[in-house]
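What follows is the content of coords_28.cif, which has mmCIF, C-alpha atoms and all ligand atoms:
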data_protein
loop_
_atom_site.label_atom_id
_atom_site.label_comp_id
_atom_site.auth_asym_id
_atom_site.auth_seq_id
_atom_site.Cartn_x
_atom_site.Cartn_y
_atom_site.Cartn_z
CA MET A 1 11.20 -54.39 -60.04
CA SER A 2 8.72 -51.69 -60.90
CA LYS A 3 7.26 -52.03 -57.43
CA LEU A 4 10.69 -51.32 -55.97
CA THR A 5 11.19 -48.18 -58.09
CA CYS A 6 7.86 -46.93 -56.91
CA LEU A 7 8.84 -47.48 -53.30
CA PHE A 8 12.12 -45.67 -53.88
CA ALA A 9 10.38 -42.68 -55.42
CA PHE A 10 8.00 -42.53 -52.51
CA SER A 11 10.76 -42.54 -49.90
CA VAL A 12 12.71 -39.80 -51.71
CA ASN A 13 9.55 -37.74 -51.77
CA SER A 14 8.89 -38.17 -48.06
CA VAL A 15 12.50 -37.37 -47.15
CA SER A 16 12.40 -34.08 -49.03
CA SER A 17 9.11 -33.08 -47.46
CA ALA A 18 10.57 -33.90 -44.06
CA ALA A 19 13.47 -31.58 -44.90
CA ILE A 20 11.05 -28.81 -45.74
CA VAL A 21 9.21 -29.28 -42.45
CA LEU A 22 12.54 -29.22 -40.62
CA SER A 23 13.75 -26.00 -42.21
CA VAL A 24 10.42 -24.31 -41.50
CA ALA A 25 10.73 -25.39 -37.87
CA ALA A 26 14.29 -24.01 -37.72
CA GLY A 27 13.08 -20.69 -39.10
CA ALA A 28 10.40 -20.50 -36.40
CA ALA A 29 13.02 -21.21 -33.73
CA LEU A 30 15.18 -18.35 -35.02
CA ALA A 31 12.24 -15.97 -34.88
CA GLN A 32 11.70 -16.73 -31.17
CA PRO A 33 13.20 -14.14 -28.85
CA GLN A 34 16.38 -15.58 -27.34
CA PRO A 35 16.44 -14.71 -23.66
CA ASP A 36 20.16 -15.01 -23.05
CA ARG A 37 20.98 -12.93 -26.11
CA LEU A 38 18.42 -10.28 -25.12
CA TYR A 39 19.80 -10.24 -21.61
CA THR A 40 23.41 -9.89 -22.73
CA GLU A 41 22.53 -7.12 -25.14
CA HIS A 42 20.29 -5.01 -22.90
CA CYS A 43 20.73 -5.94 -19.26
CA ALA A 44 24.15 -7.45 -18.54
CA ALA A 45 25.93 -4.08 -18.34
CA CYS A 46 24.04 -3.17 -15.17
CA HIS A 47 22.87 -6.49 -13.78
CA GLY A 48 26.06 -8.49 -14.44
CA ALA A 49 26.81 -11.01 -17.18
CA ASP A 50 25.89 -13.85 -14.83
CA ARG A 51 22.91 -12.00 -13.29
CA LEU A 52 24.72 -11.65 -9.97
CA GLY A 53 24.34 -7.86 -10.07
CA ALA A 54 26.65 -4.94 -10.69
CA MET A 55 25.36 -1.39 -10.62
CA GLY A 56 21.87 -2.89 -10.65
CA PRO A 57 20.66 -5.61 -8.29
CA ALA A 58 21.12 -9.32 -8.97
CA LEU A 59 18.36 -10.78 -11.12
CA LEU A 60 18.00 -14.25 -9.68
CA PRO A 61 14.94 -16.09 -8.33
CA GLU A 62 16.27 -15.71 -4.79
CA ASN A 63 16.35 -11.91 -5.07
CA LEU A 64 13.15 -11.60 -7.02
CA ALA A 65 10.97 -13.58 -4.62
CA ARG A 66 9.26 -10.41 -3.41
CA LEU A 67 8.55 -9.13 -6.91
CA ARG A 68 5.78 -10.73 -8.93
CA ARG A 69 6.67 -11.72 -12.46
CA ALA A 70 4.05 -9.39 -13.94
CA GLU A 71 5.63 -6.55 -11.96
CA ALA A 72 9.05 -7.48 -13.30
CA GLU A 73 7.69 -7.25 -16.85
CA GLN A 74 6.32 -3.84 -15.94
CA VAL A 75 9.73 -2.75 -14.58
CA ILE A 76 11.41 -3.93 -17.78
CA LEU A 77 9.01 -2.08 -20.05
CA GLN A 78 8.48 1.05 -17.97
CA GLY A 79 11.67 1.24 -15.94
CA ARG A 80 11.79 2.39 -12.32
CA PRO A 81 11.20 6.11 -12.01
CA ALA A 82 13.98 8.00 -10.22
CA THR A 83 16.40 5.07 -10.51
CA GLN A 84 18.95 4.00 -13.11
CA MET A 85 16.62 1.27 -14.34
CA PRO A 86 15.66 2.40 -17.88
CA ALA A 87 12.37 1.74 -19.67
CA TYR A 88 12.59 -0.70 -22.57
CA SER A 89 9.16 -0.24 -24.12
CA ASP A 90 10.72 1.47 -27.15
CA LYS A 91 13.27 -1.33 -27.67
CA LEU A 92 11.46 -4.48 -26.56
CA GLY A 93 8.01 -5.83 -27.26
CA ALA A 94 5.73 -7.32 -24.61
CA GLU A 95 6.71 -10.80 -25.80
CA GLU A 96 10.42 -10.06 -25.30
CA ALA A 97 9.77 -8.56 -21.86
CA ARG A 98 7.88 -11.72 -20.93
CA THR A 99 10.75 -13.86 -22.22
CA LEU A 100 13.25 -11.86 -20.18
CA ALA A 101 11.09 -12.04 -17.05
CA GLU A 102 10.91 -15.80 -17.46
CA TYR A 103 14.67 -15.88 -17.91
CA ILE A 104 15.50 -13.95 -14.75
CA TYR A 105 13.11 -16.03 -12.63
CA ALA A 106 14.80 -19.23 -13.77
CA PRO A 107 17.72 -20.49 -11.67
CA SER A 108 21.11 -19.38 -12.95
CA ARG A 109 23.21 -21.96 -14.73
CA ARG A 110 26.19 -20.74 -12.72
CA CYS A 111 24.47 -21.82 -9.53
CA PRO A 112 25.17 -19.15 -6.91
CA ASN A 113 23.69 -21.59 -4.37
CA GLY A 114 26.89 -23.59 -4.67
CA ALA A 115 28.89 -20.52 -3.67
CA ARG A 116 26.65 -19.94 -0.69
CA ARG A 117 26.99 -23.54 0.41
CA LYS A 118 30.76 -23.23 0.27
CA SER A 119 30.81 -20.10 2.44
CA ALA A 120 28.42 -21.71 4.94
CA ARG A 121 30.81 -24.61 5.30
CA ARG A 122 33.68 -22.20 5.88
CA ALA A 123 31.66 -20.37 8.54
CA SER A 124 30.80 -23.56 10.43
CA SER A 125 34.40 -24.78 10.50
CA THR A 126 35.67 -21.67 12.32
C1 LIG B 1 21.55 1.41 -16.84
C2 LIG B 1 21.55 0.29 -15.95
C3 LIG B 1 20.48 -0.77 -16.07
C4 LIG B 1 20.13 -1.51 -17.20
C5 LIG B 1 20.76 -1.42 -18.59
C6 LIG B 1 19.09 -2.41 -16.79
N1 LIG B 1 18.79 -2.23 -15.47
FE1 LIG B 1 17.36 -3.25 -14.42
N2 LIG B 1 17.76 -2.11 -12.78
C7 LIG B 1 18.78 -1.17 -12.67
C8 LIG B 1 18.77 -0.61 -11.33
C9 LIG B 1 19.75 0.42 -10.79
C10 LIG B 1 17.71 -1.23 -10.64
C11 LIG B 1 17.26 -1.00 -9.20
C12 LIG B 1 16.12 0.00 -9.23
C13 LIG B 1 15.63 0.29 -7.83
O1 LIG B 1 16.39 0.83 -7.06
O2 LIG B 1 14.47 -0.06 -7.57
C14 LIG B 1 17.10 -2.18 -11.58
C15 LIG B 1 16.02 -2.98 -11.29
C16 LIG B 1 15.52 -3.97 -12.08
C17 LIG B 1 14.47 -4.90 -11.71
C18 LIG B 1 13.71 -4.91 -10.40
C19 LIG B 1 14.51 -5.73 -9.41
C20 LIG B 1 13.89 -5.76 -8.04
O3 LIG B 1 14.38 -6.57 -7.22
O4 LIG B 1 12.97 -5.02 -7.77
C21 LIG B 1 14.29 -5.74 -12.75
C22 LIG B 1 13.31 -6.91 -12.84
C23 LIG B 1 15.24 -5.34 -13.79
N3 LIG B 1 15.96 -4.27 -13.35
C24 LIG B 1 15.38 -5.99 -15.00
C25 LIG B 1 16.18 -5.52 -16.02
C26 LIG B 1 16.24 -6.14 -17.31
C27 LIG B 1 15.50 -7.42 -17.71
C28 LIG B 1 17.08 -5.38 -18.07
C29 LIG B 1 17.40 -5.56 -19.54
C30 LIG B 1 16.26 -5.50 -20.44
C31 LIG B 1 17.58 -4.31 -17.23
N4 LIG B 1 17.01 -4.44 -15.99
C32 LIG B 1 18.48 -3.33 -17.64
C33 LIG B 1 19.66 -0.81 -13.67
C34 LIG B 1 19.62 -1.25 -14.98
#

Could you render the structure as structure tokens?
Amino acid sequence: MSKLTCLFAFSVNSVSSAAIVLSVAAGAALAQPQPDRLYTEHCAACHGADRLGAMGPALLPENLARLRRAEAEQVILQGRPATQMPAYSDKLGAEEARTLAEYIYAPSRRCPNGARRKSARRASST
């Protein structure tokens, strides 16, 4: 019986320490820059909510093939002189710029390739 109580106490102890580890991990996740939130807040107005472009060009891997990722980070932080692309070095840190660059070089969840495939099919049927 006393053996069982001991076991019980041990398992309660390990569960609570697991909970502490979990909440610390959740806190770390919150501290990470969130690319989609950063994008929506700073970039979507000009580059489109779905990155397909508006006043600014589309920010999708297909468009950015000619631009190296390090150059994109540079554009984000320093802007493009004599264009509407503003510098973000006073609002974003290097880490956030890197996160955003990674984000815009990742394929869009909305899959513009699907749209292109559809229009190609239409073109071939005429
Ligand atoms: C006020 C409008 C505006 C905002 C806000 C804006 N951009 Fe731009 N951005 C532009 C324009 C216009 C260009 C095209 C500049 C040019 O002609 O070279 C551009 C160009 C770029 C380019 C280079 C694209 C290429 O093909 O060379 C990148 C990368 C970029 N923006 C990322 C961002 C990111 C990331 C944000 C948010 C942090 C952002 N932009 C916010 C207007 C904007």

Protein and nucleic acid residues within 8 Å of ligand LIG 1 (chain B) (only C-alpha atoms and all ligand atoms) as number ranges by chain: A: 38-39, 41-47, 55-59, 63-64, 66-67, 71-73, 75-76, 79-80, 83-86, 88, 92, 97, 100-101, 104

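Here CA of Pro33 in chain A stands at a distance of 24.3 Å from CA of Glu62 in chain A.
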
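Restricting the calculation to only C-alpha atoms, the smallest distance between Thr99 in chain A and any of A:Ala49, A:Ala65, A:Ala54, A:Ala70 is found for A:Ala70.
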
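As for CA of Gln34 in chain A and CA of Ala106 in chain A, they are spaced 14.1 Å apart.
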
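We find CA of Glu96 in chain A and CA of Ser108 in chain A to be spaced 18.8 Å apart.
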
Restricting the calculation to only C-alpha atoms: of A:Leu60, A:Gly48, A:Thr40, A:Leu77, which residue gets closest to Arg98 in chain A? A:Leu77
